[in-house]
$ cat final-v1.cif   # mmCIF, C-alpha atoms
data_input
#
loop_
_atom_site.label_atom_id
_atom_site.label_comp_id
_atom_site.auth_asym_id
_atom_site.auth_seq_id
_atom_site.Cartn_x
_atom_site.Cartn_y
_atom_site.Cartn_z
CA MET A 1420 0.00 0.00 0.00
CA ASN A 1421 1.41 3.38 -1.05
CA LYS A 1422 1.35 5.72 1.95
CA ARG A 1423 2.80 8.70 0.09
CA MET A 1424 0.44 11.67 -0.14
CA LEU A 1425 2.69 14.45 -1.42
CA GLU A 1426 6.28 14.65 -2.66
CA VAL A 1427 8.43 17.78 -2.91
CA ARG A 1428 11.33 16.99 -5.26
CA ASN A 1429 14.53 19.07 -5.48
CA LEU A 1430 12.52 22.28 -5.30
CA SER A 1431 14.02 25.76 -5.57
CA PHE A 1432 12.12 29.03 -5.25
CA GLY A 1433 12.83 32.71 -4.67
CA TYR A 1434 10.87 35.94 -5.02
CA GLY A 1435 12.48 37.81 -7.92
CA LYS A 1436 15.32 36.69 -10.19
CA LYS A 1437 18.13 38.33 -8.19
CA GLU A 1438 16.84 37.44 -4.75
CA VAL A 1439 18.44 34.73 -2.63
CA LYS A 1440 16.51 31.46 -2.94
CA ILE A 1441 14.17 30.87 -0.01
CA LEU A 1442 14.15 27.18 -0.85
CA LYS A 1443 17.01 25.51 -2.73
CA ASP A 1444 17.13 21.84 -3.76
CA PHE A 1445 14.51 21.13 -1.09
CA SER A 1446 12.88 17.69 -0.86
CA LEU A 1447 10.19 16.30 1.44
CA THR A 1448 7.67 13.45 1.47
CA LEU A 1449 4.35 13.58 3.35
CA GLU A 1450 2.56 10.36 4.21
CA LYS A 1451 -1.10 9.56 4.72
CA GLY A 1452 -2.51 9.40 8.23
CA CYS A 1453 -0.11 11.94 9.77
CA VAL A 1454 -0.41 15.35 11.38
CA TYR A 1455 2.82 17.26 10.65
CA GLY A 1456 4.08 20.23 12.63
CA LEU A 1457 6.08 22.60 10.41
CA LEU A 1458 8.33 24.82 12.53
CA GLY A 1459 11.03 27.37 11.80
CA LYS A 1460 12.15 30.95 12.36
CA ASN A 1461 10.60 33.78 10.37
CA GLY A 1462 11.87 33.85 6.81
CA THR A 1463 12.83 30.17 6.55
CA GLY A 1464 10.16 29.49 3.93
CA LYS A 1465 7.36 27.76 5.84
CA SER A 1466 4.50 29.74 4.27
CA THR A 1467 6.19 29.65 0.86
CA LEU A 1468 6.43 25.87 1.10
CA LEU A 1469 2.70 25.58 1.86
CA TYR A 1470 1.84 27.76 -1.13
CA LEU A 1471 4.09 25.67 -3.37
CA MET A 1472 2.46 22.48 -2.06
CA SER A 1473 -0.98 23.85 -2.90
CA GLY A 1474 -0.02 25.02 -6.39
CA LEU A 1475 -0.52 28.71 -5.65
CA LEU A 1476 3.18 29.32 -6.31
CA ARG A 1477 5.18 27.78 -9.16
CA PRO A 1478 8.63 26.32 -8.35
CA GLN A 1479 11.54 27.67 -10.38
CA VAL A 1480 13.28 24.29 -10.22
CA GLY A 1481 11.90 20.90 -9.20
CA ASN A 1482 8.29 19.87 -8.73
CA VAL A 1483 5.56 18.95 -6.27
CA LEU A 1484 3.59 15.74 -6.80
CA TYR A 1485 0.23 15.14 -5.14
CA LYS A 1486 -0.82 11.50 -5.42
CA GLY A 1487 1.57 11.23 -8.35
CA LYS A 1488 0.30 14.29 -10.26
CA GLU A 1489 2.12 17.60 -10.64
CA VAL A 1490 0.41 20.20 -8.46
CA VAL A 1491 1.51 23.07 -10.71
CA LYS A 1492 -0.75 21.74 -13.48
CA ARG A 1493 -3.73 22.43 -11.18
CA TYR A 1494 -5.90 19.52 -12.26
CA PRO A 1495 -9.45 19.90 -10.85
CA GLU A 1496 -9.25 16.48 -9.17
CA THR A 1497 -6.07 17.66 -7.37
CA LEU A 1498 -7.43 21.04 -6.24
CA GLN A 1499 -10.69 19.42 -5.09
CA ASP A 1500 -8.76 17.18 -2.71
CA MET A 1501 -6.59 19.76 -0.91
CA PHE A 1502 -7.32 22.90 1.09
CA LEU A 1503 -5.09 25.73 2.34
CA VAL A 1504 -5.92 27.85 5.39
CA PRO A 1505 -3.77 31.01 5.06
CA GLU A 1506 -2.53 33.02 8.02
CA GLU A 1507 -4.64 36.03 7.01
CA VAL A 1508 -8.24 35.09 6.25
CA VAL A 1509 -10.31 37.35 3.98
CA LEU A 1510 -14.01 36.61 3.63
CA PRO A 1511 -16.67 38.29 1.45
CA ASN A 1512 -19.54 40.31 2.85
CA LEU A 1513 -22.03 37.42 2.69
CA LYS A 1514 -24.00 35.24 5.03
CA LEU A 1515 -22.15 32.03 5.82
CA LYS A 1516 -25.01 30.05 4.24
CA GLN A 1517 -24.45 31.87 0.95
CA TYR A 1518 -20.69 31.34 1.14
CA VAL A 1519 -21.18 27.62 1.66
CA LYS A 1520 -23.72 27.40 -1.18
CA LEU A 1521 -21.25 29.07 -3.57
CA ASN A 1522 -18.08 27.21 -2.57
CA ALA A 1523 -19.02 23.80 -1.19
CA PRO A 1524 -19.99 22.26 -4.59
CA PHE A 1525 -16.36 22.40 -5.73
CA TYR A 1526 -15.41 19.81 -3.07
CA PRO A 1527 -16.93 16.38 -3.82
CA LYS A 1528 -16.54 15.11 -0.24
CA PHE A 1529 -17.94 18.26 1.42
CA SER A 1530 -19.76 17.36 4.65
CA ASP A 1531 -22.60 19.52 5.99
CA GLU A 1532 -22.50 17.39 9.13
CA ILE A 1533 -18.83 18.23 9.81
CA LEU A 1534 -19.52 21.93 9.17
CA LYS A 1535 -22.46 22.01 11.60
CA THR A 1536 -20.53 20.10 14.26
CA CYS A 1537 -17.49 22.39 14.03
CA LEU A 1538 -19.63 25.53 14.09
CA ARG A 1539 -21.57 24.22 17.07
CA ASP A 1540 -18.34 23.49 18.96
CA PHE A 1541 -17.27 27.11 18.39
CA ASP A 1542 -20.75 28.31 19.40
CA MET A 1543 -21.45 29.72 15.91
CA SER A 1544 -24.24 29.30 13.36
CA GLU A 1545 -24.72 29.34 9.58
CA ASP A 1546 -26.67 32.61 9.88
CA LEU A 1547 -23.49 34.59 10.52
CA GLU A 1548 -22.73 37.70 8.49
CA LEU A 1549 -19.12 37.11 7.45
CA GLY A 1550 -18.32 40.79 6.90
CA ALA A 1551 -19.20 41.64 10.51
CA LEU A 1552 -16.87 39.13 12.15
CA SER A 1553 -13.66 39.83 14.07
CA MET A 1554 -10.36 38.35 12.90
CA GLY A 1555 -10.62 35.49 15.39
CA GLN A 1556 -14.21 34.72 14.38
CA LYS A 1557 -13.30 34.75 10.68
CA LYS A 1558 -10.46 32.32 11.41
CA LYS A 1559 -12.82 29.97 13.24
CA VAL A 1560 -15.46 30.07 10.49
CA PHE A 1561 -12.89 29.51 7.76
CA MET A 1562 -11.35 26.55 9.63
CA CYS A 1563 -14.83 25.05 10.06
CA PHE A 1564 -15.34 25.32 6.30
CA ALA A 1565 -11.86 23.87 5.70
CA MET A 1566 -12.65 20.82 7.84
CA ALA A 1567 -16.01 20.39 6.09
CA THR A 1568 -14.36 20.21 2.66
CA ASN A 1569 -13.15 16.81 3.91
CA THR A 1570 -10.11 16.93 1.62
CA SER A 1571 -7.30 14.40 1.89
CA LEU A 1572 -4.69 17.14 2.37
CA LEU A 1573 -5.19 20.09 4.72
CA LEU A 1574 -2.50 22.79 4.90
CA MET A 1575 -2.74 25.34 7.73
CA ASP A 1576 -0.60 28.46 8.15
CA GLU A 1577 -0.60 29.80 11.74
CA PRO A 1578 -4.16 28.52 12.39
CA SER A 1579 -4.20 29.35 16.10
CA ASN A 1580 -3.28 33.04 15.63
CA GLY A 1581 -6.17 35.21 16.80
CA LEU A 1582 -7.82 32.41 18.79
CA ASP A 1583 -8.50 32.70 22.52
CA ILE A 1584 -7.51 29.89 24.90
CA PRO A 1585 -10.85 27.96 24.80
CA SER A 1586 -10.89 28.21 20.98
CA LYS A 1587 -7.35 26.81 20.75
CA SER A 1588 -8.51 23.77 22.70
CA LEU A 1589 -11.51 23.39 20.37
CA PHE A 1590 -9.20 23.73 17.37
CA ARG A 1591 -7.14 20.77 18.60
CA LYS A 1592 -10.32 18.76 19.17
CA MET A 1593 -11.54 19.61 15.66
CA ILE A 1594 -8.34 18.35 14.02
CA ALA A 1595 -8.14 15.19 16.13
CA THR A 1596 -11.83 14.30 15.63
CA ASN A 1597 -11.71 14.63 11.86
CA MET A 1598 -8.34 12.96 11.29
CA SER A 1599 -8.22 9.56 9.57
CA ASP A 1600 -5.73 7.16 8.00
CA ASP A 1601 -6.33 8.54 4.49
CA LYS A 1602 -5.79 12.20 5.42
CA THR A 1603 -2.71 14.36 5.94
CA VAL A 1604 -2.58 17.63 7.89
CA VAL A 1605 0.33 20.10 7.87
CA ILE A 1606 0.29 22.84 10.51
CA SER A 1607 2.83 25.63 10.20
CA THR A 1608 3.08 27.64 13.41
CA HIS A 1609 5.18 29.58 15.89
CA GLN A 1610 2.67 28.71 18.64
CA VAL A 1611 4.24 25.34 19.39
CA ARG A 1612 2.30 24.75 22.61
CA ASP A 1613 -0.96 24.94 20.65
CA ILE A 1614 -0.17 21.83 18.62
CA ASP A 1615 2.36 19.64 20.46
CA THR A 1616 -0.26 17.08 21.57
CA LEU A 1617 -1.67 16.79 18.03
CA LEU A 1618 1.44 15.84 16.13
CA ASP A 1619 2.60 12.57 14.65
CA HIS A 1620 5.64 14.10 12.94
CA VAL A 1621 7.92 17.11 13.44
CA LEU A 1622 9.48 19.14 10.60
CA ILE A 1623 11.91 21.91 11.60
CA MET A 1624 13.13 24.15 8.78
CA GLY A 1625 16.33 26.12 8.49
CA HIS A 1626 17.29 28.17 5.46
CA SER A 1627 16.67 25.96 2.40
CA LYS A 1628 16.80 22.71 4.34
CA LEU A 1629 15.16 20.54 6.96
CA LEU A 1630 17.03 20.56 10.25
CA LEU A 1631 14.79 17.82 11.64
CA ASN A 1632 12.37 15.43 9.94
CA GLU A 1633 11.28 12.82 12.48
CA SER A 1634 8.17 11.17 13.83
CA VAL A 1635 7.18 11.99 17.41
CA ALA A 1636 7.68 8.31 18.25
CA SER A 1637 11.26 8.47 16.94
CA VAL A 1638 11.98 11.68 18.85
CA CYS A 1639 10.71 10.24 22.12
CA LYS A 1640 12.59 6.97 21.52
CA LYS A 1641 15.91 8.80 21.20
CA LEU A 1642 15.32 11.70 23.61
CA HIS A 1643 14.01 11.95 27.16
CA PHE A 1644 12.23 15.19 28.12
CA VAL A 1645 12.28 16.00 31.83
CA GLU A 1646 11.85 18.92 34.25
CA TYR A 1647 14.52 19.58 36.88
CA GLY A 1648 14.38 21.82 39.92
CA MET A 1649 16.52 24.96 40.00
CA ASN A 1650 19.21 23.41 42.21
CA GLU A 1651 19.14 19.83 40.90
CA ALA A 1652 22.29 18.48 39.28
CA ILE A 1653 21.98 17.83 35.54
CA ASP A 1654 24.24 15.19 34.01
CA ASN A 1655 24.63 14.25 30.34
CA ALA A 1656 22.15 16.88 29.16
CA ILE A 1657 21.77 17.38 25.42
CA TYR A 1658 20.02 20.70 25.97
CA VAL A 1659 18.91 22.77 28.96
CA GLN A 1660 16.32 25.55 28.88
CA PRO A 1661 15.33 27.61 31.93
CA SER A 1662 11.68 27.20 32.92
CA VAL A 1663 9.36 28.63 35.57
CA LYS A 1664 10.07 25.75 37.96
CA GLY A 1665 13.75 25.30 37.13
CA ASN A 1666 15.02 23.78 33.90
CA SER A 1667 13.47 21.91 30.98
CA VAL A 1668 16.02 19.31 29.95
CA ILE A 1669 16.60 16.94 27.05
CA LEU A 1670 18.60 13.82 27.93
CA PRO A 1671 19.64 10.84 25.79
CA ASN A 1672 16.98 8.15 26.19
CA THR A 1673 19.37 5.32 26.98
CA SER A 1674 16.94 3.20 29.01
CA GLY A 1675 13.78 3.43 26.90
CA GLU A 1676 11.94 5.70 29.33
CA GLU A 1677 8.64 7.23 28.25
CA SER A 1678 8.30 11.02 28.26
CA ILE A 1679 6.02 13.62 26.74
CA LEU A 1680 7.38 15.62 23.82
CA ASN A 1681 8.24 19.21 24.75
CA LEU A 1682 8.04 20.75 21.29
CA GLU A 1683 9.30 24.19 22.33
CA VAL A 1684 12.42 22.76 23.95
CA LEU A 1685 13.03 20.41 21.01
CA PHE A 1686 12.72 23.33 18.57
CA ASN A 1687 15.19 25.47 20.52
CA ALA A 1688 17.60 22.54 20.88
CA VAL A 1689 17.61 21.96 17.12
CA LEU A 1690 18.22 25.65 16.42
CA ALA A 1691 21.00 25.78 19.00
CA ASN A 1692 22.90 22.78 17.62
CA SER A 1693 21.32 21.27 14.53
CA GLU A 1694 24.38 19.15 13.64
CA MET A 1695 24.40 17.41 16.99
CA MET A 1696 20.64 16.78 16.85
CA GLN A 1697 20.87 15.42 13.31
CA ALA A 1698 23.71 13.10 14.39
CA ILE A 1699 21.48 11.68 17.16
CA PHE A 1700 18.83 10.66 14.64
CA LYS A 1701 21.27 9.20 12.13
#
$ encode --input "final-v1.cif" --output "structure tokens"
Amino acid sequence: MNKRMLEVRNLSFGYGKKEVKILKDFSLTLEKGCVYGLLGKNGTGKSTLLYLMSGLLRPQVGNVLYKGKEVVKRYPETLQDMFLVPEEVVLPNLKLKQYVKLNAPFYPKFSDEILKTCLRDFDMSEDLELGALSMGQKKKVFMCFAMATNTSLLLMDEPSNGLDIPSKSLFRKMIATNMSDDKTVVISTHQVRDIDTLLDHVLIMGHSKLLLNESVASVCKKLHFVEYGMNEAIDNAIYVQPSVKGNSVILPNTSGEESILNLEVLFNAVLANSEMMQAIFK
């Protein structure tokens, strides 16, 4: 059974002919049934990568294949099976019912049931006037529509920006509830604590390359995440980060101990010493 959903092959892209390439000879494979966290500093190409994956940008070198077909050719059957939630959501001055009536028919697997459930969870209705909503409300409505499209590939750029704390929890519930073995979700974010419990796989980008490309299971097999008190001795630490209670520490997992992924600490550890972290996973 082929588990590959999307392949990025030797891709290069930059804005303008003389500009430095944001992505250069970049390759990545996404598999079915996984929620990917896409992390990186500003300017490392996370949003650009999502737009290239969705076919909204054209690579200068290389290609993107979705279920074996080139995304840049924008076949209807490809576009009908993927959905991109941008960081900035712009909605027309319509009732939500009208918006759904106009846009839902393009997506063959659109589910009115999923839409109603997601809206109900966010305490919203289909009678909303989209033009009158706040940024956070627009984000919630658009994500509800995105989930209802029921596409195999869902790309999300900073989805938790503008959401309050209860809404962030509902966002995680929405993703987890609607995930299945034939779907793939990619979440690009700086708000690592909003998604750490959702992820199956971690992607950390540097300039034009992946600094880390590992499943959560692999990370937790090799690394042990633990909290130490301020005055506790720390031996053999791979990385130490001060925390409210003392120190958040990454240790080698030499005895197969179970621990919960601390995505923020992992991200900072990779940025601090990417070569050492890559060597651990080789």
$ resolve_selection --input "final-v1.cif" --expression "the PyMOL selection byres ((chain A and resi 1460-1469) around 6)" --output "number ranges by chain"
A: 1441, 1459, 1470-1472, 1625-1626
$ closest_residue --input "final-v1.cif" --among "A:Thr1568, A:Asn1522, A:Asn1650, A:Ser1627" --to "Phe1432 of chain A" --atoms "all atoms listed in the file"
A:Ser1627
$ atom_distance --input "final-v1.cif" --atom1 "atom CA of Lys1486 of chain A" --atom2 "atom CA of Asp1600 of chain A"
14.9 Å
$ residues_around --input "final-v1.cif" --residues "Asp1540 of chain A" --least-positions-apart "6" --cutoff "12 Å" --atoms "all atoms listed in the file" --output "list in words"
Ile1533, Leu1534, Lys1559, Val1560, Cys1563, Pro1585, Ser1586, Lys1587, Ser1588, Leu1589, Phe1590, Arg1591, Lys1592, Met1593 and Thr1596 of chain A
$ resolve_selection --input "final-v1.cif" --expression "the PyMOL selection byres ((chain A and resi 1523) around 12)" --output "PyMOL selection string"
chain A and resi 1499+1502+1515-1522+1524-1531+1534+1564-1570
$ write_last_selection --input "final-v1.cif" --atoms "C-alpha atoms" --output "compact mmCIF listing (two decimals), keeping the file's coordinate frame"
# COMPACT_ATOMS: atom_id res chain seq x y z
CA GLN A 1499 -10.69 19.42 -5.09
CA PHE A 1502 -7.32 22.90 1.09
CA LEU A 1515 -22.15 32.03 5.82
CA LYS A 1516 -25.01 30.05 4.24
CA GLN A 1517 -24.45 31.87 0.95
CA TYR A 1518 -20.69 31.34 1.14
CA VAL A 1519 -21.18 27.62 1.66
CA LYS A 1520 -23.72 27.40 -1.18
CA LEU A 1521 -21.25 29.07 -3.57
CA ASN A 1522 -18.08 27.21 -2.57
CA PRO A 1524 -19.99 22.26 -4.59
CA PHE A 1525 -16.36 22.40 -5.73
CA TYR A 1526 -15.41 19.81 -3.07
CA PRO A 1527 -16.93 16.38 -3.82
CA LYS A 1528 -16.54 15.11 -0.24
CA PHE A 1529 -17.94 18.26 1.42
CA SER A 1530 -19.76 17.36 4.65
CA ASP A 1531 -22.60 19.52 5.99
CA LEU A 1534 -19.52 21.93 9.17
CA PHE A 1564 -15.34 25.32 6.30
CA ALA A 1565 -11.86 23.87 5.70
CA MET A 1566 -12.65 20.82 7.84
CA ALA A 1567 -16.01 20.39 6.09
CA THR A 1568 -14.36 20.21 2.66
CA ASN A 1569 -13.15 16.81 3.91
CA THR A 1570 -10.11 16.93 1.62
$ closest_residue --input "final-v1.cif" --among "A:Gln1556, A:Ser1634, A:Asn1580, A:Ser1571" --to "His1620 of chain A" --atoms "all atoms listed in the file"
A:Ser1634
$ resolve_selection --input "final-v1.cif" --expression "the PyMOL selection byres ((chain A and resi 1664-1671) around 8)" --output "VMD selection string"
chain A and resid 1641 to 1650 1655 to 1663 1672 to 1673 1684 to 1685
$ write_last_selection --input "final-v1.cif" --atoms "C-alpha atoms" --output "tab-separated table (two decimals), in the frame of the given file"
chain	number	residue	atom	x	y	z
A	1641	LYS	CA	15.91	8.80	21.20
A	1642	LEU	CA	15.32	11.70	23.61
A	1643	HIS	CA	14.01	11.95	27.16
A	1644	PHE	CA	12.23	15.19	28.12
A	1645	VAL	CA	12.28	16.00	31.83
A	1646	GLU	CA	11.85	18.92	34.25
A	1647	TYR	CA	14.52	19.58	36.88
A	1648	GLY	CA	14.38	21.82	39.92
A	1649	MET	CA	16.52	24.96	40.00
A	1650	ASN	CA	19.21	23.41	42.21
A	1655	ASN	CA	24.63	14.25	30.34
A	1656	ALA	CA	22.15	16.88	29.16
A	1657	ILE	CA	21.77	17.38	25.42
A	1658	TYR	CA	20.02	20.70	25.97
A	1659	VAL	CA	18.91	22.77	28.96
A	1660	GLN	CA	16.32	25.55	28.88
A	1661	PRO	CA	15.33	27.61	31.93
A	1662	SER	CA	11.68	27.20	32.92
A	1663	VAL	CA	9.36	28.63	35.57
A	1672	ASN	CA	16.98	8.15	26.19
A	1673	THR	CA	19.37	5.32	26.98
A	1684	VAL	CA	12.42	22.76	23.95
A	1685	LEU	CA	13.03	20.41	21.01
$ atom_distance --input "final-v1.cif" --atom1 "atom CA of Met1575 of chain A" --atom2 "atom CA of Ser1607 of chain A"
6.1 Å
$ closest_residue --input "final-v1.cif" --among "A:Leu1425, A:Val1490, A:Leu1457, A:Leu1510" --to "Gln1610 of chain A" --atoms "only C-alpha atoms"
A:Leu1457
$ residues_around --input "final-v1.cif" --residues "Phe1686 of chain A" --least-positions-apart "4" --cutoff "10 Å" --atoms "all atoms listed in the file" --output "number ranges by chain"
A: 1458-1460, 1611, 1621-1624, 1630-1631, 1681-1682, 1690-1691, 1693
$ atom_distance --input "final-v1.cif" --atom1 "atom CA of Asp1601 of chain A" --atom2 "atom CA of Thr1497 of chain A"
15.0 Å
$ axis_aligned_box --input "final-v1.cif" --around "segment 1518-1525 of chain A" --padding-each-side "3 Å" --output "JSON"
{"center_x": -20.0, "center_y": 26.8, "center_z": -2.0, "size_x": 13.4, "size_y": 15.1, "size_z": 13.4}
$ closest_residue --input "final-v1.cif" --among "A:Leu1680, A:Ile1594, A:Leu1629, A:Leu1498" --to "Glu1694 of chain A" --atoms "all atoms listed in the file"
A:Leu1629
$ closest_residue --input "final-v1.cif" --among "A:Asp1613, A:Leu1572, A:Val1509, A:Thr1536" --to "Gly1550 of chain A" --atoms "all atoms listed in the file"
A:Val1509
